[in-house]
Amino acid sequence: MHTPIRLLAAAAAAVSLAFALPAAAQQKIKIGFITTLTGPAGIIGKHMKDSVDLAVEHLGGKMGGVPIEVVFGDDQFKPDVGVQVTEEMLKKHQVDIMSGIIWSHVMMAVVPVVTGADKVMVGTNAGASPLAGKSCHPQYFSTSWNNDQTPEAMGKFMQEQGISDVYVLAPNYQAGKDMVAGFKRYFKGRIVDEVFTTPGQQDYQAEITQLRSKAPKAAFVFYPGGMGVQFVRQYFQAGLRERIPLYSVFTVDETTLPALKESAIGQWETKFWNHDLDVPASKKYIADFRKKFGYTPSFYGAQSYDGIMLIDSAVRANKGSLKDTKAVVAAMRKADYASIRGKFQWNVNQHPIQDFYLIQTVKGGPDGVTTEIKRKVFEKHKDSYYQDCKMAW
Amino acid sequence: MNLILVFEQALNGLQFGVTLFLMAAGLTLVFGIMNLVNLAHGSLYMVGAYLTVAAVGWTGSFPLGVLLGLLGTLAVGMLVEVIALRTLYERDHLDQVLATFGLILFFNELVAILWGRASLYTVLPNYLQGFIEIVPGSIYPVYRALVIAVGLAVALLLWFVVARTRLGMLIRAGASNRTMVAALGINIRLLYTIVFGFGAALAGLAGLMAGPIYSVQPGMGELILIQVFVVIVIGGIGSIRGALVGALIVGMVDTMGRAFLKPMLAHFISPTAAEAAGPALASMLIYLLMALVLALRPEGLFPAKSG
């Protein structure tokens, strides 16, 4: 039984080797892009993957004259799978650079593997605080944000509005705690109660009943993905939309809006970017994305598009090569490209210094509901961890 | 703590309980009678939700969509039984777990291919969007009240079918001694298909009622399935009565725990400790209850009298 299989395996290995050699000689820019493509979060992965495809198309399939090949990997929302996929990309596919990743805990597991192989990681969503602070690394760049920044913007806005008596709700895990901590760094008014729910919870009627009985002036929540669809819809069904304004972060965006529609109208969010941002690169991205895929991308997509463009700037600076990691890092630090957020500026921890906007869900657009920027909340906002990052520039 | 708040939370608990019951009833019947561990029961819940959303969109009528969704799930359930599960009855439970886990993956990918990965938009007709005043000063969403009413009606109907009809007699007989039932000339394979189909329809009913409240997305069934297993362990495997009591207990305990545990703990320990312990304990409560039941009555509260 065993011998033929071994023989076959050996033959397969020999064949793949024979084909691998000329392929390597062809000189390709290989990018390993990890996101979540299956399960409930697969929709986020879809926005990211479509955006990467569009970026490659905008680049004419080439970076610095060299053909691009993107290898997509699915982390299944699990750190161990993320590491496994990363190793496969580094060893089997021999990628030149890594990018993507939605989740902080997956990113924390993957970054040491990538930097250990002397490659660069360009994160396009996860905003784990250690990576912005004491665990920062020259080979780790982020085109998104640090987790705390978005709720900080919401905290600042609500503070400026003089809103008090706020009821706070979030899932009971690290990101939930971080969001609330970020919010409270800028919001100094009275908090009626802080409630942490089970991650993945479906029914919020019990929490909503408690909330109503406390009669707060406003509610601040963090419910990403499916949890957000459930919470916002149930909040609306409980008739609270008109009575207690709902402020949130990472809850209402273009991945959840198609399921929420009118139940999200009036919702306040803060983000570093929205599809109506008046920036040439962003407008081009949005127009072509809608034309190609027929839907409006979320910020998850925008960050991923930006990540590919950042990589392109490094390849161009190094004349079509990513082999010299030091030179790649030096080129990336220049951020010489047209970002979807306008002028791009790095902080010392290789996270962007950027503006944050207040966004409201309103009637309009092709689907009946859309989001629009109301005003700027933060100008050139730095995260709260960069002082812990001892990196030489 | 005011009484109206407690009353409203009790309604919430009841509503969650009846949803769990609809799921648990089908699962416990299938396990008790067919000796089949069906992890894919959550997938049928998901199929019910998806088919109904599609049918409501297609017909433009909520009641008609619900009816089509229900019949569709019944058909899907029977089809799954005939194609996939029939071969598994004689195998041991590990094989059944593996095969039905495979079905979960199959159905999750299938709905993702057919309807995409994003949550679907579901809307209630206007007449189900309002509120009713059950006791003065307390408003409750009409739709959730309807869920409670439907759940209790189905429980009653199920009791009637199992206790008072010929089909129910066969089901009970099949649960106690299947070889004897087969020896008496009853078509046990057909009986199994019917039981499984109805179990699927009950799961579909739970799913389609959950659709407008929860998020209709691939994998939605697995989130509720774990709690349903807790219900069955507490109630006793194979027992409809156990499923009802177990579901109501779990629904109540979970809801009350989430609502009142933290403020109650704050009376005994420091507020900061209650802040940390409250949510953690509330999410563990039903599992602690299950452990307690397992320790005191390993058969569950209402074990089916099986041979």
# chains A, B, ... in the order shown; residues from 1 in each chain; ligands from 1
>>> residues_around(residues="Val66 in chain B", least_positions_apart="4", cutoff="8 Å", atoms="only C-alpha atoms", output="MDAnalysis selection string")
chainID B and resid 52 55:56 62 70 208
>>> residues_around(residues="Gly219 in chain B", least_positions_apart="5", cutoff="12 Å", atoms="only C-alpha atoms", output="ChimeraX atom specification")
/A:38-42,200,226 /B:40-47,49-50,103-112,117-119,207,224-225
>>> closest_residue(among="A:Trp393, A:Phe272, A:Tyr295, A:Phe356", to="Ile340 in chain A", atoms="only C-alpha atoms")
A:Phe272
>>> residues_around(residues="Ile43 in chain A", least_positions_apart="6", cutoff="12 Å", atoms="only C-alpha atoms", output="PyMOL selection string")
(chain A and resi 35-37+49-50+102+225-226+253-259+297-298+300-301) or (chain B and resi 112+115-120+217-218)
>>> residues_around(residues="Ile234 in chain B", least_positions_apart="4", cutoff="7 Å", atoms="only C-alpha atoms", output="VMD selection string")
chain B and resid 230 246 290 293 300 to 301
>>> select_by_dssp(residues="range 126-206 of chain A", states="strand (DSSP E or B)", output="list in words")
Tyr140, Phe141, Ser142, Val166, Tyr167, Val168, Leu169, Ala170, Pro171, Ile191, Val192, Asp193, Glu194, Val195, Phe196 and Thr197 of chain A
>>> select_by_dssp(residues="range 89-250 of chain A", states="alpha helix (DSSP H)", output="PyMOL selection string")
chain A and resi 89-91+104-116+129-132+149-160+174-186+205-214+226-237
>>> write_last_selection(atoms="C-alpha atoms", output="PDB file, in the first residue's frame")
ATOM      1  CA  MET A  89       3.149  31.064   2.033  1.00  0.00           C
ATOM      2  CA  LEU A  90       6.705  31.737   3.166  1.00  0.00           C
ATOM      3  CA  LYS A  91       8.071  28.255   2.530  1.00  0.00           C
ATOM      4  CA  SER A 104      -5.613  41.333  16.402  1.00  0.00           C
ATOM      5  CA  HIS A 105      -5.023  37.907  17.924  1.00  0.00           C
ATOM      6  CA  VAL A 106      -4.191  36.390  14.540  1.00  0.00           C
ATOM      7  CA  MET A 107      -1.835  39.291  13.818  1.00  0.00           C
ATOM      8  CA  MET A 108      -0.049  38.859  17.158  1.00  0.00           C
ATOM      9  CA  ALA A 109       0.631  35.217  16.248  1.00  0.00           C
ATOM     10  CA  VAL A 110       1.646  35.842  12.630  1.00  0.00           C
ATOM     11  CA  VAL A 111       3.989  38.848  12.957  1.00  0.00           C
ATOM     12  CA  PRO A 112       6.846  36.965  14.703  1.00  0.00           C
ATOM     13  CA  VAL A 113       6.729  34.269  12.001  1.00  0.00           C
ATOM     14  CA  VAL A 114       6.998  36.835   9.202  1.00  0.00           C
ATOM     15  CA  THR A 115       9.707  38.947  10.835  1.00  0.00           C
ATOM     16  CA  GLY A 116      11.530  35.731  11.837  1.00  0.00           C
ATOM     17  CA  SER A 129      -1.924  47.758  20.859  1.00  0.00           C
ATOM     18  CA  PRO A 130       1.331  45.866  21.649  1.00  0.00           C
ATOM     19  CA  LEU A 131       2.357  46.138  17.978  1.00  0.00           C
ATOM     20  CA  ALA A 132       1.881  49.914  18.162  1.00  0.00           C
ATOM     21  CA  GLN A 149      -8.147  55.375  18.042  1.00  0.00           C
ATOM     22  CA  THR A 150     -11.617  54.979  16.592  1.00  0.00           C
ATOM     23  CA  PRO A 151     -13.415  54.853  19.983  1.00  0.00           C
ATOM     24  CA  GLU A 152     -11.170  57.735  21.129  1.00  0.00           C
ATOM     25  CA  ALA A 153     -12.642  59.789  18.306  1.00  0.00           C
ATOM     26  CA  MET A 154     -16.166  58.872  19.382  1.00  0.00           C
ATOM     27  CA  GLY A 155     -15.327  59.688  23.006  1.00  0.00           C
ATOM     28  CA  LYS A 156     -14.001  63.084  21.958  1.00  0.00           C
ATOM     29  CA  PHE A 157     -17.070  63.868  19.863  1.00  0.00           C
ATOM     30  CA  MET A 158     -19.526  62.911  22.604  1.00  0.00           C
ATOM     31  CA  GLN A 159     -17.488  64.872  25.139  1.00  0.00           C
ATOM     32  CA  GLU A 160     -17.602  67.958  22.901  1.00  0.00           C
ATOM     33  CA  GLN A 174      -9.976  42.006  24.740  1.00  0.00           C
ATOM     34  CA  ALA A 175     -11.088  44.177  21.810  1.00  0.00           C
ATOM     35  CA  GLY A 176     -14.322  45.017  23.662  1.00  0.00           C
ATOM     36  CA  LYS A 177     -12.385  46.145  26.738  1.00  0.00           C
ATOM     37  CA  ASP A 178      -9.919  48.106  24.535  1.00  0.00           C
ATOM     38  CA  MET A 179     -12.752  49.926  22.772  1.00  0.00           C
ATOM     39  CA  VAL A 180     -14.335  50.970  26.051  1.00  0.00           C
ATOM     40  CA  ALA A 181     -10.930  52.039  27.417  1.00  0.00           C
ATOM     41  CA  GLY A 182     -10.263  54.103  24.281  1.00  0.00           C
ATOM     42  CA  PHE A 183     -13.704  55.701  24.552  1.00  0.00           C
ATOM     43  CA  LYS A 184     -13.169  56.640  28.191  1.00  0.00           C
ATOM     44  CA  ARG A 185      -9.763  58.182  27.453  1.00  0.00           C
ATOM     45  CA  TYR A 186     -11.609  61.126  25.849  1.00  0.00           C
ATOM     46  CA  GLN A 205     -33.351  41.869  24.407  1.00  0.00           C
ATOM     47  CA  ALA A 206     -32.408  41.341  28.073  1.00  0.00           C
ATOM     48  CA  GLU A 207     -29.641  43.967  27.865  1.00  0.00           C
ATOM     49  CA  ILE A 208     -31.871  46.351  25.910  1.00  0.00           C
ATOM     50  CA  THR A 209     -34.624  46.017  28.521  1.00  0.00           C
ATOM     51  CA  GLN A 210     -32.090  46.855  31.266  1.00  0.00           C
ATOM     52  CA  LEU A 211     -30.814  49.800  29.230  1.00  0.00           C
ATOM     53  CA  ARG A 212     -34.305  51.199  28.755  1.00  0.00           C
ATOM     54  CA  SER A 213     -35.058  50.915  32.457  1.00  0.00           C
ATOM     55  CA  LYS A 214     -32.005  53.068  33.281  1.00  0.00           C
ATOM     56  CA  GLY A 226     -23.096  39.717  12.960  1.00  0.00           C
ATOM     57  CA  MET A 227     -23.355  40.905  16.573  1.00  0.00           C
ATOM     58  CA  GLY A 228     -23.833  44.432  15.248  1.00  0.00           C
ATOM     59  CA  VAL A 229     -26.595  43.356  12.878  1.00  0.00           C
ATOM     60  CA  GLN A 230     -28.403  41.692  15.760  1.00  0.00           C
ATOM     61  CA  PHE A 231     -27.895  44.457  18.310  1.00  0.00           C
ATOM     62  CA  VAL A 232     -28.814  47.367  16.035  1.00  0.00           C
ATOM     63  CA  ARG A 233     -31.844  45.591  14.633  1.00  0.00           C
ATOM     64  CA  GLN A 234     -33.126  44.662  18.091  1.00  0.00           C
ATOM     65  CA  TYR A 235     -32.448  48.199  19.360  1.00  0.00           C
ATOM     66  CA  PHE A 236     -34.559  49.479  16.491  1.00  0.00           C
ATOM     67  CA  GLN A 237     -37.297  46.888  17.098  1.00  0.00           C
TER      68      GLN A 237
END
>>> closest_residue(among="A:Glu88, A:Glu69, A:Glu194, A:Asp53", to="chain B", atoms="only C-alpha atoms")
A:Glu194
>>> atom_distance(atom1="CA of Ile359 in chain A", atom2="CA of Ile373 in chain A")
4.4 Å
